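*Asks:* Before I ask anything, let me first share the structure, which is written out below as structure tokens.
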Amino acid sequence: MTHETAWLAAPQSIAFGGYRVVLARGLTPEDLAGRLAATVLYDAEHIAVAAGEHTGDSLLELMDDTYGDPFDGIGLRLGSAGEWTYAVAYGGWAGEFGPLAPVSRDGAHVCLLEYEEENGKPVPPQFEYFHDGRLLSACNLHLAVSWGYQGVEGDPATASRLQELLTAAGLPAQEQDDREVHRTALGIIAECFGLVLPRDPIVSGTLPAVLLEPA
């Protein structure tokens, strides 16, 4: 496993309150941003408006200046590594996006990593993988039966391959802390699907950013 994929085991450091990262193969960062903007659920149709190069902190500052509170808007920082492009969400993204299946149309591969850390329920972290509008695999990353985990869902061949790797690693394991299960499951997913998510550009670097605005 490379240094980049290994970072999937600890993505909580992306932003306060959890994380939402979408990775895509077969789409440019601009295409990914546009397709994600089209899935915003509320009010008018949304588009991605270029906002310059930003760190995570400077994007939140821009959103605070623009909306009065960064959580009153949604921003994305965009990048690419290897075959994968990625979009990291900032601001009030929780519960604002619709299904990812349409984002994967026309042969794109699209993965979601999401954890609403501040949700009061609390909702476990989620993984979903779509290709060409079809769900290939999905599971909650605590592998918690109480949240519907009965094994990896999705396309039988793809889902069973991931399930075999999780089982071989001894997961789910009742004696393990949820955070440890989360880290281990993410590492297995990264290795299984060859996901690449570089730590330094996201945590401390500058990346092109967009704001998702009504059209």
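The chains in the structure tokens are called A, B, ... from first to last as shown; in each chain the residues are counted from 1, and the ligands are counted from 1 in the order shown.
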Taking 5 positions as the minimum chain separation for residues in the same chain, which residues sit within 6 Å of range 158-172 of chain A when counting only C-alpha atoms? Answer as a PDB file with C-alpha atoms, in the first residue's frame.

*Replies:*
```pdb
ATOM      1  CA  LEU A 136     -20.633  -1.918  -6.961  1.00  0.00           C
ATOM      2  CA  SER A 137     -20.083  -1.972  -3.192  1.00  0.00           C
ATOM      3  CA  LEU A 143     -19.341  -2.621  10.123  1.00  0.00           C
ATOM      4  CA  VAL A 152     -20.884  -5.577   1.852  1.00  0.00           C
ATOM      5  CA  GLU A 153     -23.744  -4.656  -0.492  1.00  0.00           C
TER       6      GLU A 153
END
```

*Asks:* Would you return as number ranges by chain the members of range 20-209 of chain A that DSSP assigns to strand (DSSP E or B) on this structure's backbone?

*Replies:* A: 20-25, 40, 46-54, 74-81, 84-91, 97, 109-116, 126-131, 134-140, 153, 207-209

*Asks:* With distances taken over only C-alpha atoms, which of A:His109, A:Arg20, A:His54, A:Arg179 is nearest to Ala209 in chain A?

*Replies:* A:His54

*Asks:* Please return as a PyMOL selection string: the residues of range 18-198 of chain A that backbone DSSP assigns to alpha helix (DSSP H).

*Replies:* chain A and resi 29-37+56-67+156-168+178-193

*Asks:* Check the smallest atom-to-atom distance from each of A:Tyr149, A:Phe127, A:Tyr90, A:Phe71 to Val110 in chain A using only C-alpha atoms, then report the winner.

*Replies:*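 Answer, going by the shortest atom-to-atom distance: A:Phe127.
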
*Asks:* Nearest residue to Gly91 in chain A out of A:Gly187, A:Tyr19, A:Val123, A:Tyr115, using only C-alpha atoms?

*Replies:*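 Selected residue with least distance to Gly91 in chain A: A:Tyr19.
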
*Asks:* Would you mind listing what lies within 9 Å of Tyr42 in chain A as a list in words, with only C-alpha atoms counted and same-chain residues fewer than 2 positions away left out?

*Replies:*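 In the requested form, the answer reads Val40, Ala44, Glu45, His46, Glu96 and Phe97 of chain A.
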
*Asks:* Quick one: everything within 7 Å of Gly107 in chain A, counting only C-alpha atoms, minus sequence neighbours fewer than 2 positions away in the same chain. Send it as a list in words.

*Replies:*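 Listed by chain and then number, they are Ser104, Arg105, His109, His131 and Asp132 of chain A.
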
*Asks:* Determine the nearest neighbour of Pro201 in chain A from the options A:Leu112, A:Ala81, A:Leu23, A:Ala33, counting only C-alpha atoms.

*Replies:*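 Smallest separation from Pro201 in chain A among the options: A:Ala81.
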
*Asks:* Which of these, A:Gly133, A:Gly92, A:Gly82, A:Gly98, has the shortest distance to Pro198 in chain A once you count only C-alpha atoms?

*Replies:*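 With only C-alpha atoms as the atom set, the closest residue is A:Gly82.
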
*Asks:* Which residue out of A:Glu116, A:Glu83, A:Asp155, A:Asp65 has the minimum interatomic distance to Ala24 in chain A when only C-alpha atoms are used?

*Replies:*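 Of all the options, A:Glu83 lies closest to Ala24 in chain A.
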
*Asks:* Can you tell me which residues surround Leu27 in chain A at a distance of at most 8 Å, considering only C-alpha atoms, apart from same-chain residues fewer than 3 positions away, and format the answer as a list in words?

*Replies:*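 That gives Ala24, Glu30, Asp31, Leu32, Thr85 and Ala108 of chain A.
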
*Asks:* Output N, CA and C atoms of each residue in that selection to a file, as a compact mmCIF listing (two decimals), in the first residue's frame.

*Replies:*
```txt
# COMPACT_ATOMS: atom_id res chain seq x y z
N ALA A 24 -13.00 10.05 -8.09
CA ALA A 24 -13.53 9.62 -9.39
C ALA A 24 -12.40 9.24 -10.32
N GLU A 30 -12.82 19.28 -12.82
CA GLU A 30 -13.90 20.19 -13.18
C GLU A 30 -15.20 19.44 -13.47
N ASP A 31 -15.08 18.31 -14.19
CA ASP A 31 -16.26 17.49 -14.46
C ASP A 31 -16.87 16.96 -13.17
N LEU A 32 -16.00 16.50 -12.26
CA LEU A 32 -16.49 15.98 -10.99
C LEU A 32 -17.22 17.06 -10.21
N THR A 85 -9.26 11.52 -9.49
CA THR A 85 -9.49 12.90 -9.08
C THR A 85 -10.29 12.87 -7.78
N ALA A 108 -17.92 6.39 -15.65
CA ALA A 108 -17.04 6.87 -14.58
C ALA A 108 -17.10 5.94 -13.37
```
